[in-house]
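K.L.:
So I've got this file, my_file_23.txt, and it contains compact mmCIF, C-alpha atoms:
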```
# COMPACT_ATOMS: atom_id res chain seq x y z
CA MET A 63 9.13 62.92 -32.30
CA LYS A 64 8.66 65.82 -34.70
CA ALA A 65 6.32 68.70 -33.98
CA ALA A 66 2.80 68.71 -35.35
CA ARG A 67 2.52 69.99 -38.90
CA ARG A 68 0.07 72.63 -40.05
CA CYS A 69 -2.39 71.87 -42.84
CA SER A 70 -0.39 74.22 -45.07
CA ASP A 71 2.63 71.95 -44.59
CA VAL A 72 0.91 68.74 -45.60
CA ALA A 73 -1.74 69.47 -48.20
CA PRO A 74 -1.72 71.26 -51.53
CA ARG A 75 -3.81 74.43 -51.78
CA ALA A 76 -6.58 72.65 -53.70
CA LEU A 77 -7.07 70.22 -50.81
CA ARG A 78 -7.04 72.96 -48.17
CA ASP A 79 -9.63 74.83 -50.21
CA GLY A 80 -11.89 71.78 -50.33
CA ALA A 81 -11.22 70.73 -53.92
CA PRO A 82 -11.14 66.97 -54.49
CA LEU A 83 -7.79 65.24 -54.93
CA ARG A 84 -7.44 64.21 -58.59
CA TYR A 85 -4.18 62.23 -58.56
CA PRO A 86 -4.27 59.30 -58.69
CA PRO A 87 -7.52 59.22 -60.63
CA ILE A 88 -10.57 58.69 -58.47
CA MET A 89 -11.71 55.08 -58.88
CA ILE A 90 -14.70 54.98 -56.55
CA ASP A 91 -18.02 56.09 -57.99
CA GLN A 92 -20.99 57.51 -56.08
CA ALA A 93 -22.86 54.19 -56.05
CA THR A 94 -19.88 52.45 -54.43
CA MET A 95 -19.50 55.24 -51.87
CA GLU A 96 -23.20 54.93 -51.02
CA GLN A 97 -22.71 51.18 -50.62
CA ALA A 98 -19.79 51.86 -48.25
CA ARG A 99 -21.82 54.41 -46.22
CA ASP A 100 -24.68 51.93 -45.89
CA LEU A 101 -22.32 49.14 -44.85
CA ILE A 102 -20.62 51.33 -42.23
CA ALA A 103 -24.03 52.28 -40.82
CA ARG A 104 -25.06 48.61 -40.63
CA LEU A 105 -21.75 47.60 -39.03
CA ARG A 106 -22.11 50.36 -36.43
CA ALA A 107 -25.69 49.35 -35.65
CA ALA A 108 -24.67 45.70 -35.28
CA LYS A 109 -21.53 46.65 -33.28
CA VAL A 110 -19.45 44.53 -35.66
CA LYS A 111 -15.88 45.36 -36.72
CA VAL A 112 -14.45 44.46 -40.12
CA GLY A 113 -10.84 44.13 -41.28
CA THR A 114 -9.38 43.92 -44.76
CA ALA A 115 -6.38 42.11 -46.20
CA GLU A 116 -5.85 43.20 -49.79
CA SER A 117 -3.45 42.42 -52.58
CA LEU A 118 -5.27 42.90 -55.87
CA THR A 119 -7.01 46.08 -54.72
CA GLY A 120 -3.96 47.52 -52.95
CA GLY A 121 -5.93 48.77 -49.97
CA LEU A 122 -8.75 50.28 -52.01
CA ILE A 123 -11.46 48.45 -50.04
CA ALA A 124 -10.11 49.79 -46.74
CA ALA A 125 -9.63 53.23 -48.31
CA THR A 126 -13.23 53.26 -49.51
CA LEU A 127 -14.56 52.19 -46.13
CA THR A 128 -12.40 54.63 -44.19
CA SER A 129 -13.52 57.49 -46.43
CA VAL A 130 -16.79 57.36 -44.50
CA PRO A 131 -16.69 59.56 -41.37
CA GLY A 132 -16.96 57.44 -38.24
CA ALA A 133 -15.65 54.33 -39.96
CA SER A 134 -12.85 53.92 -37.43
CA GLU A 135 -15.43 52.60 -34.97
CA VAL A 136 -16.00 49.54 -37.16
CA VAL A 137 -13.05 49.21 -39.56
CA GLU A 138 -10.12 47.53 -37.86
CA ALA A 139 -6.82 48.59 -39.36
CA ASP A 140 -4.81 45.97 -37.48
CA GLY A 141 -5.91 47.29 -34.11
CA ALA A 142 -5.01 50.25 -32.01
CA VAL A 143 -3.30 53.42 -33.09
CA SER A 144 0.14 52.86 -31.63
CA GLU A 145 3.83 52.45 -32.35
CA ALA A 146 3.71 48.77 -31.38
CA VAL A 147 0.91 48.03 -33.84
CA ALA A 148 2.65 49.86 -36.71
CA ARG A 149 5.87 47.93 -36.03
CA ARG A 150 4.04 44.57 -35.87
CA MET A 151 2.22 45.34 -39.11
CA ALA A 152 5.46 46.14 -40.96
CA LEU A 153 7.21 43.02 -39.65
CA GLY A 154 4.15 40.85 -40.30
CA LEU A 155 4.13 41.91 -43.93
CA LEU A 156 7.77 40.91 -44.32
CA GLU A 157 7.08 37.52 -42.74
CA GLY A 158 3.97 36.95 -44.85
CA ALA A 159 5.81 37.84 -48.05
CA ALA A 160 8.25 34.96 -47.43
CA GLY A 161 11.34 36.73 -48.72
CA ARG A 162 9.71 38.34 -51.77
CA VAL A 163 9.66 41.80 -50.12
CA GLU A 164 12.74 43.64 -48.83
CA LEU A 165 10.96 46.75 -47.48
CA SER A 166 7.54 47.09 -45.92
CA VAL A 167 5.59 50.09 -44.71
CA ALA A 168 2.70 50.13 -42.28
CA VAL A 169 0.50 52.96 -41.03
CA THR A 170 -2.20 53.27 -38.43
CA GLY A 171 -3.86 56.42 -37.23
CA VAL A 172 -6.90 58.62 -36.83
CA ALA A 173 -7.82 60.71 -39.88
CA GLY A 174 -10.76 62.41 -38.15
CA PRO A 175 -13.11 64.06 -37.84
CA GLY A 176 -12.68 64.02 -34.11
CA PRO A 177 -10.70 61.66 -31.91
CA SER A 178 -11.00 57.86 -31.83
CA GLU A 179 -10.33 55.52 -28.92
CA ARG A 180 -8.78 58.38 -26.90
CA LYS A 181 -6.37 59.19 -29.75
CA PRO A 182 -6.52 62.69 -31.25
CA ALA A 183 -7.49 63.34 -34.85
CA GLY A 184 -4.41 63.56 -37.01
CA ARG A 185 -2.33 61.12 -34.90
CA VAL A 186 -0.48 58.71 -37.19
CA HIS A 187 2.09 55.98 -36.52
CA LEU A 188 4.23 54.79 -39.44
CA ALA A 189 6.80 51.99 -39.52
CA VAL A 190 9.18 50.82 -42.20
CA ALA A 191 10.88 47.44 -41.85
CA ARG A 192 13.82 46.06 -43.81
CA ARG A 193 14.12 42.29 -44.14
CA SER A 194 17.89 42.05 -44.69
CA THR A 195 18.79 44.06 -41.59
CA GLY A 196 15.77 43.42 -39.38
CA GLU A 197 15.61 47.15 -38.72
CA VAL A 198 12.24 48.78 -38.07
CA VAL A 199 12.00 52.57 -38.13
CA HIS A 200 8.99 54.22 -36.49
CA SER A 201 7.64 57.73 -36.88
CA GLN A 202 4.74 59.36 -35.05
CA ARG A 203 3.07 62.35 -36.65
CA ASP A 204 0.46 64.62 -35.14
CA TYR A 205 -1.08 66.57 -38.01
CA GLY A 206 -4.03 67.83 -35.99
CA GLU A 207 -7.64 68.27 -37.04
CA VAL A 208 -6.84 69.30 -40.63
CA GLY A 209 -9.39 67.03 -42.36
CA ARG A 210 -9.35 63.41 -43.47
CA ALA A 211 -7.93 64.06 -46.93
CA ALA A 212 -5.06 66.20 -45.63
CA VAL A 213 -4.11 63.65 -42.95
CA ARG A 214 -4.21 60.79 -45.44
CA LEU A 215 -2.19 62.68 -48.06
CA ALA A 216 0.41 63.74 -45.49
CA THR A 217 0.65 60.12 -44.33
CA VAL A 218 1.23 58.87 -47.88
CA ARG A 219 3.96 61.48 -48.37
CA GLU A 220 5.65 60.54 -45.08
CA ALA A 221 5.44 56.81 -45.90
CA LEU A 222 7.06 57.40 -49.30
CA ALA A 223 9.82 59.50 -47.69
CA MET A 224 10.46 56.80 -45.08
CA LEU A 225 10.71 54.12 -47.77
CA ASP A 226 13.13 56.31 -49.72
CA ALA A 227 15.25 56.86 -46.62
CA ALA A 228 15.29 53.11 -45.88
CA LEU A 229 16.49 52.51 -49.40
CA GLY A 230 19.32 54.99 -48.81
CA GLY A 231 17.80 57.83 -50.80
CA GLY A 232 17.88 61.52 -50.11
```
Take the structure in the file and write it out as structure tokens.
P.N.:
Amino acid sequence: MKAARRCSDVAPRALRDGAPLRYPPIMIDQATMEQARDLIARLRAAKVKVGTAESLTGGLIAATLTSVPGASEVVEADGAVSEAVARRMALGLLEGAAGRVELSVAVTGVAGPGPSERKPAGRVHLAVARRSTGEVVHSQRDYGEVGRAAVRLATVREALAMLDAALGGG
């Protein structure tokens, strides 16, 4: 397991300084964010959890929901924040793709603010699976309480690096 990374290691200066991330272009407008905040509040009040399975939107529904602080109480990202869950997610994607996908990547974690289900903010589990070899590589990262955007960006970067490594890249 690698040591925790500082915010300066994982986020560009603009993010650390509070500027919004502009790449890729922001697709969610204020009305949609308000809809997501309202839904999260209603889910919390009703003590109901929701999960997403997305193809067309590429995770954008889950990303929108989890942009709301406190969403981890009601948005189920395939269960607990753990190595076992990340591995099962990566393997499940390969099985569900019925041979159309050679590599899969899965992530689960706590972006913050604050801990969730006794897991610290910034704790992330990533797994990459390869269909032809059956190999699953896991990585745990502890970025700390550096902010939701910084944790999410660092996770995307790590996932891309893991996919590259699985492909035999640098």
K.L.:
Fewer than 3 positions away in the same chain doesn't count, so skip those; otherwise give me all residues within 10 Å of region 103-107 of chain A, counting all atoms listed in the file, as number ranges by chain.
P.N.:
A: 97-100, 110-112, 130, 132-137
K.L.:
With distances taken over only C-alpha atoms, which of A:Val169, A:Pro131, A:Ala125, A:Ala160 is nearest to Ile102 (chain A)?
P.N.:
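Under the stated criterion, the closest residue is A:Pro131.
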K.L.:
What is the distance between CA of Glu164 (chain A) and CA of Ala228 (chain A), in Å to one decimal?
P.N.:
10.2 Å
K.L.:
Using all atoms listed in the file, which of A:Arg185, A:Lys109, A:His200, A:Arg210 sits nearest Ala146 (chain A)?
P.N.:
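Looking only at the distances to Ala146 (chain A), the closest residue turns out to be A:His200.
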K.L.:
Mind giving me the straight-line distance from CA of Met224 (chain A) to CA of Val208 (chain A) in Å, one decimal?
P.N.:
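Rounded to one decimal, the two atoms are 21.8 Å apart.
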K.L.:
Can you measure CA of Arg149 (chain A) to CA of Ala168 (chain A) for me? One decimal in Å is fine.
P.N.:
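These atoms are spaced 7.3 Å apart.
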K.L.:
Identify, on the basis of all atoms listed in the file, every residue whose closest approach to Pro182 (chain A) does not exceed 7 Å; exclude the query and any residue fewer than 5 positions from it along the same chain; express the result as a ChimeraX atom specification.
P.N.:
/A:172,176-177
K.L.:
If you take every atom of region 95-101 of chain A that the file lists and fit an axis-aligned box around them with 5 Å extra on each side, what centre and edge lengths come out in Å to one decimal, as lines of an AutoDock Vina configuration file?
P.N.:
```
center_x = -22.1
center_y = 52.2
center_z = -48.4
size_x = 15.2
size_y = 16.1
size_z = 17.0
```
K.L.:
Pick out the closest residue to Ala221 (chain A) from this set: A:Leu153, A:Gly209, A:Ile123, A:Ala148. Count all atoms listed in the file.
P.N.:
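The closest residue to Ala221 (chain A) is A:Ala148.
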K.L.:
Return the single residue from A:Leu127, A:Ala211, A:Met151, A:Leu225 that is closest to Glu96 (chain A), with distances computed using all atoms listed in the file.
P.N.:
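That would be A:Leu127, the residue with the smallest distance to Glu96 (chain A).
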K.L.:
Of the candidates A:Ala124, A:Ala227, A:Ile90, A:Val143, which one gets nearest to Arg180 (chain A) if we count all atoms listed in the file?
P.N.:
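Counting all atoms listed in the file, the residue closest to Arg180 (chain A) is A:Val143.
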K.L.:
Between A:Arg214, A:Ala191, A:Gln202, A:Thr126, which residue has the minimum interatomic distance to Ala93 (chain A), considering all atoms listed in the file?
P.N.:
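Comparing A:Arg214, A:Ala191, A:Gln202, A:Thr126 against Ala93 (chain A), the winner is A:Thr126.
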